[in-house]
file work21.cif (mmCIF, C-alpha atoms)
data_start
#
loop_
_atom_site.label_atom_id
_atom_site.label_comp_id
_atom_site.auth_asym_id
_atom_site.auth_seq_id
_atom_site.Cartn_x
_atom_site.Cartn_y
_atom_site.Cartn_z
CA MET K 1 10.67 35.77 -8.33
CA THR K 2 13.32 33.16 -7.55
CA SER K 3 14.89 31.01 -10.26
CA TYR K 4 16.03 27.42 -9.76
CA ASP K 5 17.52 24.75 -11.97
CA ALA K 6 14.82 22.33 -10.79
CA ILE K 7 11.81 22.26 -8.50
CA VAL K 8 10.53 19.11 -6.83
CA ILE K 9 6.92 19.29 -5.64
CA GLY K 10 6.27 16.71 -2.96
CA ALA K 11 8.67 15.16 -0.46
CA GLY K 12 7.22 11.66 -0.48
CA GLN K 13 9.23 8.54 -1.25
CA ALA K 14 10.57 9.72 -4.62
CA GLY K 15 11.01 13.48 -4.22
CA PRO K 16 13.83 13.77 -1.68
CA GLY K 17 16.03 11.26 -3.49
CA VAL K 18 15.58 13.01 -6.82
CA ALA K 19 16.20 16.43 -5.25
CA SER K 20 19.40 15.40 -3.49
CA SER K 21 20.71 13.73 -6.64
CA LEU K 22 20.07 16.87 -8.69
CA VAL K 23 21.91 18.91 -6.05
CA GLY K 24 24.76 16.43 -6.30
CA ASP K 25 24.93 17.24 -10.01
CA GLY K 26 25.49 20.88 -9.12
CA LYS K 27 21.94 22.13 -9.59
CA HIS K 28 20.17 24.68 -7.40
CA VAL K 29 16.97 22.92 -6.33
CA ALA K 30 13.83 23.65 -4.32
CA ILE K 31 11.69 20.92 -2.78
CA ILE K 32 8.15 21.86 -1.71
CA GLU K 33 6.02 19.84 0.72
CA MET K 34 2.47 20.81 1.64
CA VAL K 35 2.03 18.71 4.82
CA ARG K 36 5.02 16.71 6.02
CA ALA K 37 7.98 15.00 4.37
CA GLY K 38 7.73 11.25 3.97
CA GLY K 39 4.38 11.14 2.20
CA THR K 40 1.61 8.71 3.04
CA CYS K 41 4.03 5.92 3.95
CA LEU K 42 5.78 7.64 6.82
CA ASN K 43 2.96 9.78 8.16
CA HIS K 44 -0.20 7.68 8.02
CA GLY K 45 0.52 4.66 5.84
CA CYS K 46 3.03 1.82 5.78
CA LYS K 47 5.23 2.65 8.73
CA PRO K 48 2.72 3.67 11.43
CA THR K 49 0.32 0.89 10.46
CA LYS K 50 3.04 -1.75 10.64
CA ALA K 51 4.15 -0.42 14.02
CA LEU K 52 0.54 -0.67 15.19
CA ARG K 53 0.17 -4.10 13.58
CA ALA K 54 3.05 -5.33 15.73
CA SER K 55 0.96 -4.68 18.84
CA ALA K 56 -2.00 -6.51 17.32
CA VAL K 57 0.15 -9.53 16.43
CA VAL K 58 1.58 -9.68 19.96
CA ALA K 59 -1.93 -9.50 21.43
CA ASN K 60 -3.12 -12.36 19.24
CA THR K 61 -0.04 -14.45 19.98
CA ALA K 62 -0.55 -13.93 23.71
CA ARG K 63 -4.16 -15.06 23.44
CA ARG K 64 -2.99 -18.22 21.65
CA ALA K 65 -0.13 -18.86 24.06
CA ALA K 66 -1.89 -21.77 25.77
CA ASP K 67 -1.84 -23.65 22.44
CA TYR K 68 1.94 -23.72 22.80
CA GLY K 69 1.91 -24.64 26.47
CA VAL K 70 2.46 -21.08 27.65
CA HIS K 71 -0.06 -19.66 30.13
CA THR K 72 -0.45 -15.89 30.39
CA GLY K 73 -3.89 -15.31 31.89
CA ALA K 74 -6.34 -12.78 30.52
CA VAL K 75 -4.95 -10.58 27.73
CA SER K 76 -6.02 -6.97 27.20
CA VAL K 77 -4.63 -4.13 25.13
CA ASP K 78 -3.88 -0.62 26.38
CA PHE K 79 -4.62 1.22 23.13
CA GLY K 80 -3.19 4.47 24.44
CA THR K 81 0.16 2.82 25.06
CA ALA K 82 0.10 1.02 21.71
CA ILE K 83 -0.64 4.18 19.72
CA GLY K 84 1.85 6.11 21.85
CA ARG K 85 4.54 3.63 20.83
CA VAL K 86 3.65 4.21 17.18
CA ARG K 87 3.86 7.99 17.52
CA SER K 88 7.20 7.77 19.27
CA ILE K 89 8.70 5.61 16.53
CA ILE K 90 7.24 7.64 13.67
CA GLY K 91 8.10 10.95 15.31
CA GLU K 92 11.77 10.01 15.40
CA MET K 93 11.66 8.94 11.74
CA GLN K 94 9.98 12.21 10.78
CA ARG K 95 12.57 14.28 12.62
CA SER K 96 15.39 12.34 11.02
CA LEU K 97 14.02 12.86 7.51
CA ASP K 98 13.41 16.58 8.08
CA GLU K 99 16.93 17.04 9.39
CA TRP K 100 18.42 15.20 6.43
CA ILE K 101 16.54 17.29 3.85
CA GLN K 102 17.50 20.49 5.62
CA SER K 103 21.15 19.41 5.74
CA VAL K 104 21.53 19.12 1.95
CA ASP K 105 23.53 22.14 0.75
CA GLY K 106 21.98 23.70 -2.33
CA LEU K 107 18.50 22.38 -1.55
CA ASP K 108 15.82 24.84 -0.41
CA TYR K 109 13.13 23.09 1.67
CA ILE K 110 9.81 24.97 1.47
CA MET K 111 6.59 24.11 3.29
CA GLY K 112 3.35 25.11 1.56
CA THR K 113 0.84 24.16 -1.12
CA ALA K 114 2.29 24.66 -4.60
CA GLN K 115 0.35 25.96 -7.57
CA LEU K 116 1.90 24.96 -10.88
CA ARG K 117 1.67 26.75 -14.21
CA THR K 118 3.67 24.99 -16.88
CA ASP K 119 5.26 26.45 -19.98
CA PRO K 120 4.08 24.38 -22.98
CA GLU K 121 7.47 24.93 -24.60
CA GLY K 122 9.30 23.68 -21.50
CA ARG K 123 11.46 26.76 -21.05
CA GLN K 124 10.48 28.09 -17.62
CA HIS K 125 7.76 26.59 -15.49
CA GLN K 126 6.25 28.67 -12.72
CA VAL K 127 5.40 27.52 -9.19
CA THR K 128 3.66 29.73 -6.65
CA VAL K 129 3.96 28.86 -2.96
CA ASN K 130 3.33 31.02 0.11
CA GLY K 131 2.94 34.05 -2.16
CA GLN K 132 6.37 33.50 -3.71
CA VAL K 133 6.87 32.82 -7.41
CA LEU K 134 9.54 30.26 -8.29
CA THR K 135 10.66 29.33 -11.79
CA ALA K 136 12.64 26.41 -13.22
CA PRO K 137 13.07 24.59 -16.53
CA GLN K 138 12.62 21.23 -14.76
CA VAL K 139 9.77 20.24 -12.42
CA TYR K 140 9.34 16.86 -10.75
CA LEU K 141 5.88 16.02 -9.38
CA ASN K 142 5.71 13.67 -6.39
CA VAL K 143 2.38 14.87 -5.00
CA GLY K 144 0.85 11.45 -4.31
CA ALA K 145 -2.76 10.56 -3.63
CA ARG K 146 -5.26 10.81 -0.78
CA ALA K 147 -8.12 8.74 0.58
CA SER K 148 -11.31 9.04 -1.43
CA ARG K 149 -14.54 10.20 0.16
CA PRO K 150 -17.39 8.58 -1.79
CA PRO K 151 -20.58 10.62 -2.35
CA ILE K 152 -22.72 8.71 0.15
CA ASP K 153 -26.01 10.17 1.30
CA GLY K 154 -25.47 11.87 4.66
CA ILE K 155 -21.72 11.26 4.82
CA ASP K 156 -21.07 14.95 5.53
CA SER K 157 -23.35 14.84 8.57
CA ILE K 158 -21.02 12.52 10.49
CA SER K 159 -17.34 12.48 11.41
CA ALA K 160 -16.28 9.89 8.86
CA MET K 161 -12.59 9.03 9.17
CA THR K 162 -9.86 8.15 6.72
CA GLU K 163 -6.69 6.43 7.93
CA VAL K 164 -5.35 9.86 8.89
CA GLU K 165 -8.02 10.49 11.50
CA LEU K 166 -8.08 6.86 12.65
CA LEU K 167 -4.40 6.98 13.56
CA ALA K 168 -5.01 10.22 15.46
CA LEU K 169 -7.39 8.50 17.91
CA ASP K 170 -6.29 8.21 21.52
CA GLU K 171 -9.02 5.82 22.60
CA LEU K 172 -10.13 2.54 21.11
CA PRO K 173 -13.42 2.70 19.18
CA GLN K 174 -16.22 0.64 20.69
CA HIS K 175 -17.54 -0.44 17.31
CA LEU K 176 -15.51 0.43 14.19
CA VAL K 177 -17.48 0.22 10.94
CA ILE K 178 -15.20 0.05 7.91
CA VAL K 179 -16.35 0.81 4.37
CA GLY K 180 -14.20 -1.18 1.96
CA GLY K 181 -12.69 -4.66 1.94
CA GLY K 182 -9.35 -3.81 0.35
CA TYR K 183 -5.93 -3.63 1.98
CA ILE K 184 -6.62 -0.67 4.25
CA GLY K 185 -9.96 -2.05 5.41
CA CYS K 186 -8.62 -5.55 6.04
CA GLU K 187 -5.48 -4.46 7.86
CA PHE K 188 -7.20 -1.97 10.14
CA GLY K 189 -10.18 -4.26 10.67
CA GLN K 190 -8.06 -7.11 11.97
CA MET K 191 -5.85 -4.85 14.07
CA PHE K 192 -8.70 -3.08 15.84
CA ARG K 193 -10.56 -6.32 16.43
CA ARG K 194 -7.47 -7.73 18.14
CA PHE K 195 -7.25 -4.59 20.25
CA GLY K 196 -10.75 -5.34 21.52
CA ALA K 197 -13.06 -3.26 19.34
CA GLN K 198 -16.14 -4.66 17.67
CA VAL K 199 -15.50 -4.48 13.92
CA THR K 200 -17.82 -4.62 10.93
CA ILE K 201 -16.46 -4.44 7.38
CA LEU K 202 -18.85 -3.39 4.61
CA ALA K 203 -17.11 -5.16 1.75
CA GLY K 204 -19.15 -4.33 -1.33
CA ASP K 205 -16.95 -6.40 -3.66
CA GLY K 206 -15.84 -8.83 -0.97
CA ILE K 207 -12.63 -9.14 1.02
CA ALA K 208 -9.49 -8.51 -1.09
CA PRO K 209 -11.52 -8.52 -4.34
CA GLN K 210 -8.44 -8.40 -6.59
CA GLU K 211 -7.23 -11.79 -5.36
CA ASP K 212 -8.14 -15.35 -6.31
CA GLU K 213 -11.54 -16.47 -5.03
CA ASP K 214 -10.17 -19.13 -2.71
CA VAL K 215 -7.79 -16.60 -1.16
CA GLN K 216 -10.70 -14.23 -0.60
CA GLN K 217 -12.59 -17.07 1.07
CA ILE K 218 -9.70 -17.98 3.38
CA LEU K 219 -9.37 -14.38 4.51
CA THR K 220 -13.12 -14.04 5.02
CA GLU K 221 -13.22 -17.20 7.14
CA THR K 222 -10.17 -16.08 9.12
CA PHE K 223 -11.83 -12.77 9.89
CA ALA K 224 -15.04 -14.51 10.93
CA GLU K 225 -13.13 -16.76 13.33
CA GLU K 226 -11.60 -13.65 14.92
CA GLY K 227 -15.03 -12.12 15.40
CA ILE K 228 -15.00 -9.63 12.54
CA SER K 229 -18.38 -9.20 10.86
CA VAL K 230 -18.14 -8.97 7.07
CA ILE K 231 -21.17 -7.71 5.15
CA SER K 232 -21.21 -8.05 1.37
CA GLY K 233 -22.95 -4.79 0.64
CA ASN K 234 -22.38 -1.18 -0.29
CA LEU K 235 -22.99 1.75 2.02
CA THR K 236 -25.88 3.89 0.78
CA GLN K 237 -26.60 6.19 3.71
CA ALA K 238 -24.98 7.44 6.90
CA LYS K 239 -26.32 9.59 9.71
CA PRO K 240 -25.61 10.47 13.34
CA HIS K 241 -26.92 8.14 16.04
CA GLY K 242 -26.37 9.46 19.55
CA ASP K 243 -22.61 9.75 20.02
CA GLY K 244 -22.01 7.40 17.12
CA ILE K 245 -23.20 6.70 13.60
CA GLU K 246 -25.86 4.67 11.84
CA VAL K 247 -25.27 3.30 8.36
CA THR K 248 -27.56 1.63 5.83
CA VAL K 249 -26.45 -0.94 3.26
CA ASP K 250 -27.94 -1.33 -0.22
CA ASP K 251 -30.00 -4.35 0.84
CA GLY K 252 -31.74 -2.20 3.46
CA THR K 253 -29.75 -3.53 6.41
CA SER K 254 -28.78 -0.89 8.95
CA LEU K 255 -26.34 -0.99 11.86
CA VAL K 256 -25.02 1.33 14.52
CA GLY K 257 -21.37 1.91 15.30
CA SER K 258 -19.22 4.33 17.24
CA HIS K 259 -16.82 5.23 14.39
CA LEU K 260 -16.80 5.01 10.59
CA LEU K 261 -13.64 4.45 8.55
CA LEU K 262 -13.68 5.12 4.80
CA ALA K 263 -11.31 2.73 3.04
CA THR K 264 -12.68 2.97 -0.49
CA GLY K 265 -9.57 3.71 -2.49
CA ARG K 266 -7.39 6.69 -3.36
CA VAL K 267 -7.70 9.79 -5.54
CA SER K 268 -4.94 11.71 -7.28
CA ASN K 269 -3.57 14.88 -5.72
CA SER K 270 -2.97 16.43 -9.16
CA ASP K 271 -5.95 18.75 -8.63
CA LEU K 272 -4.16 20.43 -5.72
CA LEU K 273 -1.67 21.91 -8.18
CA GLY K 274 -4.31 24.16 -9.78
CA ASP K 275 -4.47 24.81 -13.54
CA HIS K 276 -1.18 23.03 -14.21
CA GLY K 277 -1.65 22.25 -17.91
CA VAL K 278 -0.29 18.68 -17.67
CA THR K 279 -2.29 15.88 -19.28
CA THR K 280 -4.05 13.52 -16.85
CA ASP K 281 -6.21 10.45 -17.40
CA GLU K 282 -9.94 10.28 -16.63
CA SER K 283 -9.17 9.86 -12.92
CA GLY K 284 -6.73 12.73 -12.63
CA TYR K 285 -3.48 10.75 -12.69
CA PHE K 286 -0.63 12.13 -14.78
CA VAL K 287 0.01 10.34 -18.06
CA ILE K 288 3.69 9.44 -18.40
CA ASP K 289 6.04 7.58 -20.70
CA GLY K 290 8.51 4.93 -19.60
CA ARG K 291 10.91 7.59 -18.32
CA TYR K 292 8.24 9.44 -16.27
CA ALA K 293 7.98 12.35 -18.73
CA THR K 294 4.55 13.99 -18.85
CA SER K 295 2.87 15.78 -21.75
CA VAL K 296 4.79 18.98 -20.94
CA PRO K 297 8.53 19.13 -21.75
CA GLY K 298 10.60 19.42 -18.59
CA VAL K 299 7.92 18.00 -16.27
CA TRP K 300 8.09 14.50 -14.80
CA ALA K 301 5.63 12.67 -12.50
CA LEU K 302 6.73 10.15 -9.86
CA GLY K 303 5.01 7.98 -7.29
CA ASP K 304 1.31 7.34 -6.71
CA VAL K 305 0.25 10.25 -8.91
CA ASN K 306 1.44 8.53 -12.12
CA ARG K 307 -0.65 5.34 -11.68
CA HIS K 308 2.32 3.03 -12.15
CA GLY K 309 2.07 1.60 -8.66
CA ALA K 310 0.49 2.92 -5.48
CA PHE K 311 3.05 1.65 -3.00
CA THR K 312 6.06 3.02 -1.17
CA HIS K 313 8.38 0.61 -2.95
CA THR K 314 7.12 1.60 -6.42
CA SER K 315 7.45 5.29 -5.63
CA TYR K 316 10.94 4.82 -4.22
CA GLN K 317 11.94 2.80 -7.29
CA ASP K 318 10.53 5.51 -9.55
CA ALA K 319 13.30 7.78 -8.31
CA GLN K 320 15.92 5.08 -8.87
CA ILE K 321 14.72 4.43 -12.42
CA LEU K 322 14.49 8.13 -13.27
CA LEU K 323 18.07 8.69 -12.13
CA ASP K 324 19.37 5.81 -14.26
CA PRO K 325 19.09 6.69 -17.98
CA GLN K 326 19.36 3.01 -18.93
CA ARG K 327 16.13 2.02 -17.15
CA THR K 328 12.41 2.48 -17.77
CA VAL K 329 9.33 1.77 -15.68
CA ASP K 330 7.94 -0.43 -18.47
CA GLY K 331 9.88 -3.48 -17.30
CA ARG K 332 8.58 -3.38 -13.72
CA VAL K 333 7.07 -6.59 -12.34
CA PRO K 334 4.34 -5.58 -9.86
CA THR K 335 4.94 -6.99 -6.39
CA TYR K 336 3.03 -6.14 -3.23
CA ALA K 337 1.80 -7.42 0.10
CA MET K 338 -1.25 -7.02 2.31
CA PHE K 339 -0.16 -7.00 5.93
CA THR K 340 -2.95 -8.97 7.51
CA ASP K 341 -1.95 -11.79 9.85
CA PRO K 342 -1.08 -14.02 8.10
CA PRO K 343 0.09 -11.66 5.37
CA LEU K 344 -0.63 -12.00 1.68
CA GLY K 345 2.04 -11.56 -0.99
CA ARG K 346 1.42 -11.14 -4.72
CA VAL K 347 3.68 -10.82 -7.73
CA GLY K 348 2.68 -10.79 -11.38
CA LEU K 349 -0.56 -12.41 -12.52
CA ASN K 350 -3.26 -14.04 -10.42
CA SER K 351 -5.23 -17.01 -11.70
CA GLU K 352 -7.95 -14.98 -13.44
CA GLN K 353 -5.42 -12.78 -15.19
CA ALA K 354 -3.39 -15.81 -16.24
CA ARG K 355 -6.45 -17.48 -17.75
CA ALA K 356 -7.21 -14.33 -19.72
CA SER K 357 -3.65 -14.14 -21.05
CA GLY K 358 -4.22 -16.86 -23.66
CA ARG K 359 -1.09 -18.70 -22.57
CA LYS K 360 -0.66 -22.34 -21.69
CA VAL K 361 -0.66 -21.78 -17.94
CA LEU K 362 0.54 -24.36 -15.41
CA LYS K 363 -0.06 -24.12 -11.68
CA ALA K 364 2.00 -25.28 -8.71
CA GLU K 365 0.21 -25.17 -5.38
CA ILE K 366 0.35 -26.32 -1.78
CA LYS K 367 -1.82 -25.45 1.20
CA MET K 368 -0.04 -24.15 4.27
CA GLU K 369 -1.55 -26.96 6.32
CA SER K 370 0.84 -29.28 4.43
CA VAL K 371 3.97 -27.17 4.93
CA SER K 372 6.21 -28.56 7.67
CA ARG K 373 7.35 -25.22 9.11
CA ALA K 374 3.78 -23.94 9.20
CA ILE K 375 2.65 -27.10 11.02
CA LEU K 376 5.51 -26.90 13.51
CA GLU K 377 4.58 -23.34 14.41
CA SER K 378 0.78 -23.87 14.27
CA GLU K 379 0.46 -21.26 11.52
CA THR K 380 -1.36 -23.30 8.93
CA ILE K 381 -3.72 -20.74 7.39
CA GLY K 382 -3.16 -20.06 3.71
CA VAL K 383 -1.86 -21.28 0.38
CA LEU K 384 1.23 -21.00 -1.84
CA ARG K 385 0.50 -20.81 -5.59
CA ILE K 386 2.89 -20.26 -8.50
CA LEU K 387 1.84 -19.83 -12.14
CA VAL K 388 4.15 -20.52 -15.08
CA ASP K 389 3.99 -20.61 -18.87
CA GLY K 390 4.10 -24.25 -20.00
CA ASP K 391 5.64 -23.36 -23.36
CA THR K 392 8.24 -20.71 -22.50
CA GLU K 393 8.85 -21.81 -18.87
CA GLU K 394 8.44 -18.18 -17.75
CA ILE K 395 7.22 -17.47 -14.24
CA LEU K 396 3.96 -15.55 -14.67
CA GLY K 397 3.06 -14.81 -11.07
CA ALA K 398 2.53 -16.08 -7.57
CA THR K 399 0.09 -15.67 -4.71
CA ILE K 400 1.17 -16.58 -1.20
CA LEU K 401 -1.09 -16.28 1.83
CA GLY K 402 0.53 -17.49 5.01
CA ARG K 403 3.25 -17.00 7.56
CA GLY K 404 6.10 -14.95 6.08
CA ALA K 405 4.35 -14.45 2.73
CA ASP K 406 5.41 -10.78 2.60
CA GLU K 407 9.05 -11.90 2.58
CA LEU K 408 8.68 -15.16 0.66
CA ILE K 409 6.92 -13.56 -2.31
CA GLN K 410 10.08 -11.61 -3.06
CA LEU K 411 11.93 -14.84 -3.89
CA ILE K 412 9.48 -15.32 -6.76
CA GLY K 413 9.63 -11.63 -7.62
CA VAL K 414 13.40 -11.66 -8.00
CA ALA K 415 13.22 -14.69 -10.29
CA GLN K 416 10.47 -13.18 -12.39
CA GLN K 417 12.14 -9.77 -12.69
CA ALA K 418 15.44 -11.42 -13.68
CA GLY K 419 13.76 -13.58 -16.31
CA VAL K 420 14.74 -16.81 -14.57
CA ARG K 421 12.81 -19.79 -15.94
CA TYR K 422 10.98 -21.96 -13.43
CA PRO K 423 13.24 -25.06 -13.81
CA THR K 424 16.11 -23.05 -12.31
CA VAL K 425 14.01 -22.25 -9.24
CA ARG K 426 12.72 -25.83 -9.11
CA ASP K 427 16.26 -27.19 -8.93
CA ILE K 428 17.67 -24.98 -6.14
CA LEU K 429 18.65 -26.55 -2.81
CA PRO K 430 16.34 -25.13 -0.13
CA ILE K 431 16.95 -25.02 3.62
CA HIS K 432 14.84 -27.29 5.82
CA PRO K 433 12.61 -26.56 7.63
CA THR K 434 11.61 -23.23 6.12
CA MET K 435 8.59 -21.84 4.36
CA ALA K 436 10.71 -21.22 1.25
CA GLU K 437 11.68 -24.89 0.85
CA TYR K 438 8.28 -25.62 -0.69
CA VAL K 439 8.82 -23.25 -3.63
CA PRO K 440 11.07 -25.72 -5.51
CA THR K 441 9.02 -28.63 -4.18
CA VAL K 442 5.70 -27.50 -5.63
CA LEU K 443 7.32 -26.68 -8.97
CA ARG K 444 7.87 -30.42 -9.38
CA SER K 445 4.12 -31.01 -9.44
CA LEU K 446 2.82 -28.59 -12.03
CA GLU K 447 -0.60 -29.12 -13.53
CA PRO K 448 -2.78 -27.19 -15.98
CA LEU K 449 -4.58 -24.22 -14.51
CA ALA K 450 -8.28 -25.09 -14.58
#
call {"tool": "encode", "arguments": {"input": "work21.cif", "output": "structure tokens"}}
result
Amino acid sequence: MTSYDAIVIGAGQAGPGVASSLVGDGKHVAIIEMVRAGGTCLNHGCKPTKALRASAVVANTARRAADYGVHTGAVSVDFGTAIGRVRSIIGEMQRSLDEWIQSVDGLDYIMGTAQLRTDPEGRQHQVTVNGQVLTAPQVYLNVGARASRPPIDGIDSISAMTEVELLALDELPQHLVIVGGGYIGCEFGQMFRRFGAQVTILAGDGIAPQEDEDVQQILTETFAEEGISVISGNLTQAKPHGDGIEVTVDDGTSLVGSHLLLATGRVSNSDLLGDHGVTTDESGYFVIDGRYATSVPGVWALGDVNRHGAFTHTSYQDAQILLDPQRTVDGRVPTYAMFTDPPLGRVGLNSEQARASGRKVLKAEIKMESVSRAILESETIGVLRILVDGDTEEILGATILGRGADELIQLIGVAQQAGVRYPTVRDILPIHPTMAEYVPTVLRSLEPLA
């Protein structure tokens, strides 16, 4: 049995920062990782997908080159080279992170699956890993989430992929069938279509169902123009078909593909810890207070597993908030992006949520086809929408679909997080010609949200 001052389980986006800070405070700390440091983001999430997206964007730009007076000839994608580039970039990042963790004096880096048994009194919690028993009065859980595998008839009879297996492919699928119209489904669907694969998305609740209806429609039309087939149905059955798969939708429609990607959401990894004794919600996510404390004294939960944001940036900020005793997670303004092309950025409330808030909501909006910079660069797909409270002048939220939306949305996010009222943003001097210049412009033409 080995005793520590603290044990961190999971080396995702929050764990390493917390562990190194505790070591800096003079504590003897162990950090345990069951697969690879960096979590979903580094290994099969944000970073590899954005590296792969870069190839897809270049391919699409090359195909459109003639629109700008540039002639390239036929454009094709060498998927092996594209995915090789991704693995080279990510491999270097993985090595760098591993080396950094191993270089921290006073931090023991252990690979293995941890089993947690908490002490209800919070005196000494017990963690078993690789047959070793470790104890500590403080345990920090950064175990994340994994792709869900829905109980579909016949799903176990085929080689259904999650994003992990998809990114391990060396050859481009002939026909990629994607179950789910959320961020993972949309991003991969567009990328693989641009690489040359036939793509069908089974979007039971539609494309990007958490967004405003007109935004969903723009994305659906954009996908259709790129040759992506979107079916508004739910997968009910799957079975082998030659070297590929055959799937059936709830309306009886069936189709054949070469590969099947499951992009139907995430499930908590809390179950991997065994009989841990920490309170979870009905979906297995740890219940926390504003300072990340769980139901067991001396145990905290950070990142995706606490259901306070399922993104790299929220997990990373969890560590920052935890390490600052003056902050809580309660004041967080949710901000995120979907990295389609064009990207979508969201902060705060969407239109439906704003209507349900009972506030006097005003809307400022402009279509990208009316934005000078978008017109100049022939990138006119999308919309910019900002919602404010007509009584308090608070910024309630924004939705931006269009060129640079993933960066532009953060301008609104900073203002909202800082409590800046919309007249201050309306009266700034913007640079011309930029996408951002229309933020103050549209705020001069507010109207009631219908």
call {"tool": "atom_distance", "arguments": {"input": "work21.cif", "atom1": "atom CA of Gly26 of chain K", "atom2": "atom CA of Gln138 of chain K"}}
result
14.1 Å
call {"tool": "resolve_selection", "arguments": {"input": "work21.cif", "expression": "the PyMOL selection byres ((chain K and resi 217-233) around 8)", "output": "number ranges by chain"}}
result
K: 189-190, 193-194, 198-207, 213-216, 234-235, 249-251, 381-382
call {"tool": "closest_residue", "arguments": {"input": "work21.cif", "among": "K:Ala405, K:Val361, K:Met161, K:Ala238", "to": "Glu379 of chain K", "atoms": "only C-alpha atoms"}}
result
K:Ala405
call {"tool": "residues_near_point", "arguments": {"input": "work21.cif", "point": "(-1.6, 7.3, 5.0)", "cutoff": "10 Å", "atoms": "only C-alpha atoms", "output": "PDB file with C-alpha atoms, in the frame of the given file"}}
result
ATOM      1  CA  GLY K  39       4.380  11.140   2.200  1.00  0.00           C
ATOM      2  CA  THR K  40       1.610   8.710   3.040  1.00  0.00           C
ATOM      3  CA  CYS K  41       4.030   5.920   3.950  1.00  0.00           C
ATOM      4  CA  LEU K  42       5.780   7.640   6.820  1.00  0.00           C
ATOM      5  CA  ASN K  43       2.960   9.780   8.160  1.00  0.00           C
ATOM      6  CA  HIS K  44      -0.200   7.680   8.020  1.00  0.00           C
ATOM      7  CA  GLY K  45       0.520   4.660   5.840  1.00  0.00           C
ATOM      8  CA  CYS K  46       3.030   1.820   5.780  1.00  0.00           C
ATOM      9  CA  LYS K  47       5.230   2.650   8.730  1.00  0.00           C
ATOM     10  CA  PRO K  48       2.720   3.670  11.430  1.00  0.00           C
ATOM     11  CA  THR K  49       0.320   0.890  10.460  1.00  0.00           C
ATOM     12  CA  ALA K 145      -2.760  10.560  -3.630  1.00  0.00           C
ATOM     13  CA  ARG K 146      -5.260  10.810  -0.780  1.00  0.00           C
ATOM     14  CA  ALA K 147      -8.120   8.740   0.580  1.00  0.00           C
ATOM     15  CA  THR K 162      -9.860   8.150   6.720  1.00  0.00           C
ATOM     16  CA  GLU K 163      -6.690   6.430   7.930  1.00  0.00           C
ATOM     17  CA  VAL K 164      -5.350   9.860   8.890  1.00  0.00           C
ATOM     18  CA  GLU K 165      -8.020  10.490  11.500  1.00  0.00           C
ATOM     19  CA  LEU K 167      -4.400   6.980  13.560  1.00  0.00           C
ATOM     20  CA  ILE K 184      -6.620  -0.670   4.250  1.00  0.00           C
TER      21      ILE K 184
END
call {"tool": "residues_around", "arguments": {"input": "work21.cif", "residues": "segment 255-270 of chain K", "least_positions_apart": "6", "cutoff": "8 Å", "atoms": "all atoms listed in the file", "output": "CSV table (one decimal) with C-alpha atoms, in the frame of the given file"}}
result
chain,number,residue,atom,x,y,z
K,143,VAL,CA,2.4,14.9,-5.0
K,144,GLY,CA,0.8,11.4,-4.3
K,145,ALA,CA,-2.8,10.6,-3.6
K,146,ARG,CA,-5.3,10.8,-0.8
K,147,ALA,CA,-8.1,8.7,0.6
K,148,SER,CA,-11.3,9.0,-1.4
K,149,ARG,CA,-14.5,10.2,0.2
K,150,PRO,CA,-17.4,8.6,-1.8
K,159,SER,CA,-17.3,12.5,11.4
K,160,ALA,CA,-16.3,9.9,8.9
K,161,MET,CA,-12.6,9.0,9.2
K,162,THR,CA,-9.9,8.2,6.7
K,163,GLU,CA,-6.7,6.4,7.9
K,166,LEU,CA,-8.1,6.9,12.6
K,173,PRO,CA,-13.4,2.7,19.2
K,174,GLN,CA,-16.2,0.6,20.7
K,175,HIS,CA,-17.5,-0.4,17.3
K,176,LEU,CA,-15.5,0.4,14.2
K,177,VAL,CA,-17.5,0.2,10.9
K,178,ILE,CA,-15.2,0.0,7.9
K,179,VAL,CA,-16.4,0.8,4.4
K,180,GLY,CA,-14.2,-1.2,2.0
K,181,GLY,CA,-12.7,-4.7,1.9
K,182,GLY,CA,-9.4,-3.8,0.4
K,184,ILE,CA,-6.6,-0.7,4.2
K,185,GLY,CA,-10.0,-2.0,5.4
K,241,HIS,CA,-26.9,8.1,16.0
K,243,ASP,CA,-22.6,9.8,20.0
K,244,GLY,CA,-22.0,7.4,17.1
K,245,ILE,CA,-23.2,6.7,13.6
K,246,GLU,CA,-25.9,4.7,11.8
K,247,VAL,CA,-25.3,3.3,8.4
K,248,THR,CA,-27.6,1.6,5.8
K,283,SER,CA,-9.2,9.9,-12.9
K,284,GLY,CA,-6.7,12.7,-12.6
K,285,TYR,CA,-3.5,10.8,-12.7
K,286,PHE,CA,-0.6,12.1,-14.8
K,304,ASP,CA,1.3,7.3,-6.7
K,305,VAL,CA,0.2,10.2,-8.9
call {"tool": "atom_distance", "arguments": {"input": "work21.cif", "atom1": "atom CA of Asp119 of chain K", "atom2": "atom CA of Asp5 of chain K"}}
result
14.7 Å
call {"tool": "closest_residue", "arguments": {"input": "work21.cif", "among": "K:Val383, K:Leu429, K:Leu22, K:Cys186", "to": "Glu369 of chain K", "atoms": "only C-alpha atoms"}}
result
K:Val383
call {"tool": "resolve_selection", "arguments": {"input": "work21.cif", "expression": "the PyMOL selection byres ((chain K and resi 94) around 8)", "output": "list in words"}}
result
Ala37, Gly38, Leu42, Asn43, Ile90, Gly91, Glu92, Met93, Arg95, Ser96, Leu97 and Asp98 of chain K
call {"tool": "resolve_selection", "arguments": {"input": "work21.cif", "expression": "the PyMOL selection byres ((chain K and resi 134) around 9)", "output": "list in words"}}
result
Met1, Thr2, Ser3, Tyr4, Ile7, Ala30, His125, Gln126, Val127, Thr128, Val129, Gln132, Val133, Thr135 and Ala136 of chain K
